[in-house]
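Below is the file coords.cif, which contains mmCIF, C-alpha atoms.
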```cif
data_model
loop_
_atom_site.label_atom_id
_atom_site.label_comp_id
_atom_site.auth_asym_id
_atom_site.auth_seq_id
_atom_site.Cartn_x
_atom_site.Cartn_y
_atom_site.Cartn_z
CA MET A 32 -15.67 14.54 13.23
CA SER A 33 -14.23 15.41 16.67
CA ASP A 34 -17.30 14.07 18.48
CA MET A 35 -16.82 10.59 17.04
CA ASN A 36 -15.56 7.81 19.30
CA PRO A 37 -12.47 6.36 17.55
CA PHE A 38 -13.17 2.94 19.08
CA VAL A 39 -16.70 2.66 17.64
CA PRO A 40 -16.96 1.43 14.02
CA ARG A 41 -18.94 3.55 11.57
CA PRO A 42 -21.35 1.67 9.28
CA MET A 43 -20.17 1.58 5.66
CA GLU A 44 -22.19 0.25 2.73
CA ILE A 45 -20.43 -1.89 0.14
CA VAL A 46 -21.06 -0.12 -3.16
CA LYS A 47 -19.13 -2.45 -5.45
CA VAL A 48 -16.80 -5.45 -5.32
CA ILE A 49 -14.14 -6.17 -7.97
CA ASP A 50 -12.29 -9.47 -8.46
CA GLU A 51 -8.69 -8.37 -8.96
CA VAL A 52 -6.62 -11.47 -9.80
CA SER A 53 -6.78 -14.78 -11.63
CA SER A 54 -6.68 -16.75 -8.37
CA HIS A 55 -9.94 -15.02 -7.28
CA ASP A 56 -8.68 -14.55 -3.72
CA ILE A 57 -8.09 -10.78 -3.81
CA LEU A 58 -11.11 -8.48 -3.99
CA SER A 59 -11.45 -4.70 -3.99
CA PHE A 60 -14.29 -3.32 -1.88
CA PHE A 61 -15.67 0.16 -2.58
CA LEU A 62 -17.33 1.60 0.53
CA ARG A 63 -19.36 4.70 1.34
CA PRO A 64 -20.71 5.89 4.70
CA VAL A 65 -24.27 4.94 5.55
CA GLU A 66 -24.47 8.40 7.14
CA GLY A 67 -22.20 11.42 7.09
CA GLU A 68 -18.98 12.03 5.22
CA ILE A 69 -15.85 9.97 4.60
CA VAL A 70 -13.29 10.51 7.34
CA PRO A 71 -10.26 12.29 5.79
CA TYR A 72 -7.16 10.17 5.22
CA LEU A 73 -3.81 10.32 3.41
CA PRO A 74 -1.80 7.73 1.44
CA GLY A 75 -0.07 5.30 3.77
CA GLN A 76 -2.74 5.30 6.48
CA PHE A 77 -4.97 2.35 7.31
CA ALA A 78 -8.38 1.60 8.77
CA ALA A 79 -9.81 -1.22 10.85
CA LEU A 80 -12.62 -3.00 9.00
CA SER A 81 -15.14 -5.16 10.84
CA VAL A 82 -17.76 -7.71 9.96
CA PHE A 83 -20.28 -7.24 12.73
CA GLY A 84 -20.24 -10.19 15.10
CA ARG A 85 -17.22 -11.73 13.37
CA GLY A 86 -14.26 -9.52 14.17
CA GLU A 87 -12.02 -6.73 12.95
CA ALA A 88 -8.68 -6.38 11.16
CA PRO A 89 -6.49 -3.56 9.79
CA PHE A 90 -6.14 -2.82 6.07
CA GLY A 91 -4.31 -0.05 4.22
CA TYR A 92 -6.31 2.32 2.03
CA ALA A 93 -6.03 1.43 -1.64
CA SER A 94 -7.90 4.53 -2.78
CA SER A 95 -6.51 8.04 -2.98
CA PRO A 96 -8.20 10.77 -0.94
CA LEU A 97 -8.70 12.51 -4.30
CA GLU A 98 -11.06 9.71 -5.40
CA THR A 99 -14.20 11.10 -3.87
CA GLY A 100 -17.45 9.42 -2.91
CA TYR A 101 -15.96 6.15 -1.71
CA VAL A 102 -12.98 4.50 -0.07
CA ARG A 103 -11.37 1.40 -1.54
CA PHE A 104 -9.73 -1.52 0.23
CA THR A 105 -8.14 -4.45 -1.59
CA ILE A 106 -8.27 -7.55 0.58
CA LYS A 107 -6.71 -10.97 0.19
CA ARG A 108 -8.60 -13.98 1.56
CA THR A 109 -6.24 -15.35 4.21
CA GLY A 110 -8.23 -16.16 7.36
CA SER A 111 -11.63 -16.25 9.02
CA LEU A 112 -12.39 -12.52 8.89
CA THR A 113 -11.27 -12.07 5.29
CA ARG A 114 -13.32 -15.12 4.29
CA GLU A 115 -16.36 -13.43 5.83
CA LEU A 116 -15.59 -10.21 3.95
CA HIS A 117 -15.25 -12.10 0.68
CA ARG A 118 -18.76 -13.51 1.12
CA LEU A 119 -20.27 -10.01 1.16
CA GLY A 120 -21.56 -8.09 -1.81
CA ALA A 121 -23.00 -4.74 -2.87
CA GLY A 122 -25.61 -3.36 -0.49
CA GLU A 123 -24.29 -5.07 2.62
CA VAL A 124 -22.87 -3.11 5.55
CA ILE A 125 -19.58 -3.47 7.42
CA GLY A 126 -17.84 -1.29 10.01
CA ILE A 127 -14.81 0.99 9.72
CA ARG A 128 -12.58 2.76 12.23
CA GLY A 129 -10.10 5.20 10.85
CA ALA A 130 -8.15 6.78 9.42
CA LEU A 131 -5.44 5.32 11.65
CA GLY A 132 -1.65 5.46 11.75
CA ASN A 133 0.69 7.86 10.01
CA ALA A 134 0.99 8.69 6.31
CA PHE A 135 3.78 9.14 3.79
CA ASP A 136 5.66 12.41 4.32
CA LEU A 137 4.15 14.06 1.24
CA GLU A 138 5.69 17.44 2.04
CA ARG A 139 9.16 15.90 2.00
CA PHE A 140 8.42 14.34 -1.40
CA ARG A 141 8.19 17.81 -2.97
CA GLY A 142 10.85 18.37 -5.61
CA LYS A 143 12.25 14.85 -5.21
CA ASP A 144 12.56 12.01 -7.68
CA LEU A 145 10.75 8.93 -6.37
CA ILE A 146 11.70 5.27 -6.60
CA ILE A 147 8.61 3.26 -5.66
CA VAL A 148 9.03 -0.47 -5.11
CA GLY A 149 6.14 -2.86 -4.53
CA GLY A 150 5.57 -6.57 -4.41
CA GLY A 151 2.52 -8.82 -4.48
CA TYR A 152 -0.63 -7.99 -2.60
CA ALA A 153 1.10 -5.20 -0.65
CA PHE A 154 0.84 -2.98 -3.72
CA THR A 155 -2.50 -1.73 -2.37
CA THR A 156 -0.97 1.08 -0.30
CA LEU A 157 1.25 2.11 -3.21
CA ARG A 158 -1.80 2.50 -5.45
CA SER A 159 -3.14 5.08 -3.00
CA LEU A 160 0.15 6.98 -3.14
CA LEU A 161 0.53 6.78 -6.93
CA VAL A 162 -3.00 7.91 -7.75
CA TYR A 163 -2.47 10.85 -5.40
CA LEU A 164 0.91 11.84 -6.87
CA LEU A 165 -0.16 11.41 -10.50
CA ALA A 166 -3.21 13.65 -10.12
CA PRO A 167 -2.85 16.85 -12.20
CA GLU A 168 -2.82 19.06 -9.11
CA ASN A 169 0.08 17.09 -7.55
CA ARG A 170 2.21 15.71 -10.39
CA ALA A 171 4.29 18.84 -10.87
CA GLY A 172 5.23 18.82 -7.19
CA VAL A 173 7.56 15.81 -7.54
CA GLY A 174 10.28 14.90 -10.01
CA ASP A 175 10.76 11.67 -11.94
CA ILE A 176 8.79 8.65 -10.74
CA SER A 177 10.17 5.15 -11.26
CA LEU A 178 7.78 2.34 -10.32
CA PHE A 179 8.96 -1.24 -9.80
CA TYR A 180 6.29 -3.88 -9.17
CA GLY A 181 6.62 -7.65 -9.10
CA VAL A 182 4.36 -10.65 -8.57
CA ARG A 183 4.72 -14.42 -8.81
CA HIS A 184 2.97 -14.71 -12.19
CA PRO A 185 1.16 -12.26 -14.53
CA GLY A 186 -2.33 -13.19 -13.32
CA LEU A 187 -1.52 -11.74 -9.89
CA PHE A 188 -0.91 -8.15 -10.94
CA LEU A 189 -3.38 -5.87 -9.16
CA TYR A 190 -5.12 -2.93 -10.84
CA LYS A 191 -4.41 -4.09 -14.39
CA ALA A 192 -6.34 -1.23 -16.00
CA ALA A 193 -4.37 1.31 -13.98
CA LEU A 194 -1.08 -0.38 -14.88
CA GLU A 195 -1.95 -0.17 -18.57
CA THR A 196 -2.78 3.52 -18.20
CA TRP A 197 0.43 4.18 -16.29
CA ARG A 198 2.44 2.31 -18.92
CA LYS A 199 1.36 4.89 -21.50
CA ARG A 200 2.31 7.91 -19.39
CA LYS A 201 5.47 9.75 -20.34
CA ASP A 202 5.99 11.06 -16.80
CA LEU A 203 6.22 7.63 -15.14
CA ALA A 204 8.77 4.86 -15.73
CA LEU A 205 6.90 1.60 -15.13
CA HIS A 206 8.94 -1.60 -14.57
CA LEU A 207 7.01 -4.85 -14.06
CA THR A 208 8.46 -8.29 -13.38
CA VAL A 209 7.21 -11.81 -12.59
CA ASP A 210 8.87 -14.67 -10.74
CA GLN A 211 7.56 -17.24 -13.22
CA ALA A 212 7.36 -16.85 -16.99
CA ALA A 213 3.95 -17.49 -18.59
CA ASP A 214 2.39 -17.56 -22.04
CA GLY A 215 1.88 -14.04 -23.30
CA TRP A 216 4.32 -12.44 -20.87
CA HIS A 217 7.10 -10.56 -22.66
CA GLY A 218 8.53 -8.57 -19.76
CA PRO A 219 11.34 -9.28 -17.30
CA VAL A 220 11.37 -12.50 -15.28
CA GLY A 221 12.94 -12.35 -11.84
CA VAL A 222 12.56 -10.84 -8.40
CA VAL A 223 11.96 -7.15 -7.80
CA PRO A 224 15.29 -6.33 -6.10
CA GLU A 225 17.18 -7.69 -9.10
CA LEU A 226 15.10 -5.57 -11.47
CA VAL A 227 15.85 -2.45 -9.42
CA ARG A 228 19.56 -3.31 -9.56
CA LYS A 229 19.48 -3.84 -13.34
CA VAL A 230 17.59 -0.63 -14.11
CA SER A 231 19.63 1.38 -11.58
CA PRO A 232 17.45 4.52 -11.50
CA SER A 233 19.19 7.79 -10.71
CA THR A 234 19.38 8.48 -6.98
CA ASP A 235 20.99 11.95 -7.06
CA ASN A 236 17.79 13.62 -5.83
CA ALA A 237 15.71 10.58 -4.92
CA LEU A 238 13.59 9.22 -2.12
CA ALA A 239 12.52 5.58 -2.13
CA VAL A 240 9.24 4.03 -1.00
CA ILE A 241 8.87 0.28 -0.38
CA CYS A 242 5.82 -1.82 0.42
CA GLY A 243 5.83 -5.58 0.02
CA PRO A 244 6.44 -8.94 1.64
CA PRO A 245 9.24 -8.96 4.23
CA PRO A 246 11.72 -10.93 2.02
CA MET A 247 11.27 -8.44 -0.81
CA ILE A 248 11.86 -5.53 1.54
CA ARG A 249 14.92 -7.21 3.07
CA PHE A 250 16.60 -7.81 -0.28
CA THR A 251 15.61 -4.47 -1.82
CA LEU A 252 17.14 -2.33 0.94
CA PRO A 253 20.81 -3.15 0.18
CA VAL A 254 20.18 -2.57 -3.54
CA LEU A 255 18.82 0.92 -2.86
CA GLU A 256 21.66 1.76 -0.51
CA THR A 257 24.24 0.52 -3.02
CA LEU A 258 22.63 2.82 -5.59
CA GLY A 259 23.12 5.70 -3.17
CA VAL A 260 19.80 6.20 -1.37
CA LYS A 261 20.41 7.16 2.26
CA ALA A 262 18.63 5.36 5.10
CA ASP A 263 16.74 8.52 6.05
CA ASP A 264 15.47 8.76 2.46
CA ILE A 265 13.96 5.25 2.32
CA TYR A 266 10.35 4.98 3.47
CA ILE A 267 8.97 1.55 4.32
CA SER A 268 5.35 0.60 4.90
CA MET A 269 5.32 -2.12 7.55
CA GLU A 270 1.55 -2.63 7.41
CA MET A 271 1.90 -6.38 6.75
CA LYS A 272 3.27 -6.78 10.29
CA MET A 273 0.14 -5.40 11.95
CA LYS A 274 -2.20 -7.67 13.89
CA CYS A 275 -4.90 -5.98 15.99
CA GLY A 276 -4.33 -2.49 14.59
CA LEU A 277 -5.24 -1.06 18.00
CA GLY A 278 -1.86 -0.83 19.67
CA VAL A 279 -2.87 -3.27 22.42
CA CYS A 280 -1.81 -6.78 21.39
CA GLY A 281 1.91 -6.00 21.25
CA ARG A 282 2.49 -8.34 18.31
CA CYS A 283 3.50 -5.65 15.83
CA ASN A 284 6.36 -4.14 17.79
CA ILE A 285 9.69 -3.36 16.16
CA GLY A 286 11.95 -2.65 19.11
CA THR A 287 10.23 0.12 21.03
CA LYS A 288 7.94 1.06 18.12
CA PHE A 289 4.49 -0.32 17.37
CA VAL A 290 3.57 -0.50 13.68
CA CYS A 291 -0.10 0.35 14.19
CA SER A 292 0.40 3.35 16.48
CA ASP A 293 3.88 4.66 15.52
CA GLY A 294 3.61 3.67 11.85
CA PRO A 295 2.91 1.96 9.59
CA ILE A 296 5.27 4.26 7.63
CA PHE A 297 8.87 4.40 8.88
CA THR A 298 12.16 5.52 7.44
CA LEU A 299 14.90 2.92 7.33
CA LYS A 300 16.93 5.16 9.63
CA THR A 301 14.19 5.05 12.29
CA LEU A 302 13.87 1.27 12.05
CA ARG A 303 17.62 0.84 12.47
CA GLU A 304 17.57 3.00 15.57
CA VAL A 305 15.16 0.63 17.32
CA SER A 306 15.95 -2.79 15.83
CA ASP A 307 18.95 -4.84 14.68
CA ASP A 308 16.79 -6.57 12.06
CA PHE A 309 17.39 -3.79 9.54
#
```

Written form, structure tokens:
Amino acid sequence: MSDMNPFVPRPMEIVKVIDEVSSHDILSFFLRPVEGEIVPYLPGQFAALSVFGRGEAPFGYASSPLETGYVRFTIKRTGSLTRELHRLGAGEVIGIRGALGNAFDLERFRGKDLIIVGGGYAFTTLRSLLVYLLAPENRAGVGDISLFYGVRHPGLFLYKAALETWRKRKDLALHLTVDQAADGWHGPVGVVPELVRKVSPSTDNALAVICGPPPMIRFTLPVLETLGVKADDIYISMEMKMKCGLGVCGRCNIGTKFVCSDGPIFTLKTLREVSDDF
């Protein structure tokens, strides 16, 4: 792939589109190259997707690199470009540039227990990581996995079939919560940071991974540190802060770092070294 121009989108055919949530504003797109192979990527990275003649925006991979034959992006309808994407269906062609950015430090995860915390639509990147880690060839490489995931109401959980499968696994502790109770919901009600505090997973040999809306991240960090997770052992995906995804607009900077070119994955220690916001 070395002869490819990283600034030129590759054509990708939409193979399938899945409606993910009850509000019908989050869709998963399954894409395959019109020509050639899928560009290799790792959990945590992102790509720039384009609707030709309409624009381009960055999105984190929702698929695992072990899911072959396609790449998956889960996209919420929020603006003009995402509205254009949501109008497209199977057989139509969009552009992709990537993989871009850095990935989770998978080598450092080896032998560690993992506390994975996600909220809302940002759970897309965590799906990529979880599918990768739970694969038979990788599961033995990490210790206990505790997954915390919260949404506003039950209809907004992404990847419901996967959640049901994960719930039945004996090697994954799944903790789901909703902000608002609803008919048929029998699980916890409350925000994600409070659920993490109540469960208090062991942190003796743990790394933590967080991806979610900024308020969730802000209130989860002190909970993790109180439980004993060090700042250098907390990984945060800051993908929701990205704008152009090209490293040129300057709107995703955190101190001297740019999310799209230096991230989107940072440790809390790194973020504190460049910004007082953490």

(request) Show which residues sit within 10 Å of Ile176 (chain A), as number ranges by chain. Count only C-alpha atoms, and ignore same-chain residues fewer than 3 positions away. (result) A: 143-147, 161, 164-165, 170, 173, 179, 202-205, 232, 237-239

(request) Rounded to one decimal place, report the CA of Thr208 (chain A)-CA of Val222 (chain A) distance in Å. (result) 6.9 Å

(request) Apply the PyMOL selection byres ((chain A and resi 142) around 9) to the file shown and report the selected residues as a VMD selection string. (result) chain A and resid 139 to 141 143 to 144 171 to 174 236

(request) Just give me the gap between CA of Phe61 (chain A) and CA of Val48 (chain A) in Å, one decimal is fine. (result)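 So the two atoms, CA of Phe61 (chain A) and CA of Val48 (chain A), lie 6.3 Å apart.
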
(request) Apply the PyMOL selection byres ((chain A and resi 250) around 12) to the structure shown and report the selected residues as number ranges by chain. (result) A: 148, 150, 222-228, 241, 243-249, 251-257, 309

Written selection (C-alpha atoms) as a compact mmCIF listing (two decimals), keeping the file's coordinate frame:
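Now in result23.txt:
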```txt
# COMPACT_ATOMS: atom_id res chain seq x y z
CA VAL A 148 9.03 -0.47 -5.11
CA GLY A 150 5.57 -6.57 -4.41
CA VAL A 222 12.56 -10.84 -8.40
CA VAL A 223 11.96 -7.15 -7.80
CA PRO A 224 15.29 -6.33 -6.10
CA GLU A 225 17.18 -7.69 -9.10
CA LEU A 226 15.10 -5.57 -11.47
CA VAL A 227 15.85 -2.45 -9.42
CA ARG A 228 19.56 -3.31 -9.56
CA ILE A 241 8.87 0.28 -0.38
CA GLY A 243 5.83 -5.58 0.02
CA PRO A 244 6.44 -8.94 1.64
CA PRO A 245 9.24 -8.96 4.23
CA PRO A 246 11.72 -10.93 2.02
CA MET A 247 11.27 -8.44 -0.81
CA ILE A 248 11.86 -5.53 1.54
CA ARG A 249 14.92 -7.21 3.07
CA THR A 251 15.61 -4.47 -1.82
CA LEU A 252 17.14 -2.33 0.94
CA PRO A 253 20.81 -3.15 0.18
CA VAL A 254 20.18 -2.57 -3.54
CA LEU A 255 18.82 0.92 -2.86
CA GLU A 256 21.66 1.76 -0.51
CA THR A 257 24.24 0.52 -3.02
CA PHE A 309 17.39 -3.79 9.54
```

(message) Taking the file as I've supplied it (selection: the PyMOL selection byres ((chain A and resi 38-40) around 8)), which residues are included? Please answer as a ChimeraX atom specification.
(response) /A:35-37,41-42,80-81,126-128

Please produce a file of those selected residues containing C-alpha atoms, as a PDB file, keeping the file's coordinate frame.
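In the end it all went to again-v7.pdb:
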```
ATOM      1  CA  MET A  35     -16.820  10.590  17.040  1.00  0.00           C
ATOM      2  CA  ASN A  36     -15.560   7.810  19.300  1.00  0.00           C
ATOM      3  CA  PRO A  37     -12.470   6.360  17.550  1.00  0.00           C
ATOM      4  CA  ARG A  41     -18.940   3.550  11.570  1.00  0.00           C
ATOM      5  CA  PRO A  42     -21.350   1.670   9.280  1.00  0.00           C
ATOM      6  CA  LEU A  80     -12.620  -3.000   9.000  1.00  0.00           C
ATOM      7  CA  SER A  81     -15.140  -5.160  10.840  1.00  0.00           C
ATOM      8  CA  GLY A 126     -17.840  -1.290  10.010  1.00  0.00           C
ATOM      9  CA  ILE A 127     -14.810   0.990   9.720  1.00  0.00           C
ATOM     10  CA  ARG A 128     -12.580   2.760  12.230  1.00  0.00           C
TER      11      ARG A 128
END
```

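In terms of minimum interatomic distance to Ser59 (chain A), A:Tyr152 ranks closest within A:Tyr163, A:Phe289, A:Phe297, A:Tyr152, counting only C-alpha atoms.
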
(request) Calculate how many Å separate CA of Pro185 (chain A) from CA of Lys229 (chain A), rounding to one decimal. (result) 20.2 Å

(request) Could you check which of A:Lys191, A:Phe77, A:Phe83, A:Thr156 is closest to Val290 (chain A), using all atoms listed in the file? (result) A:Phe77
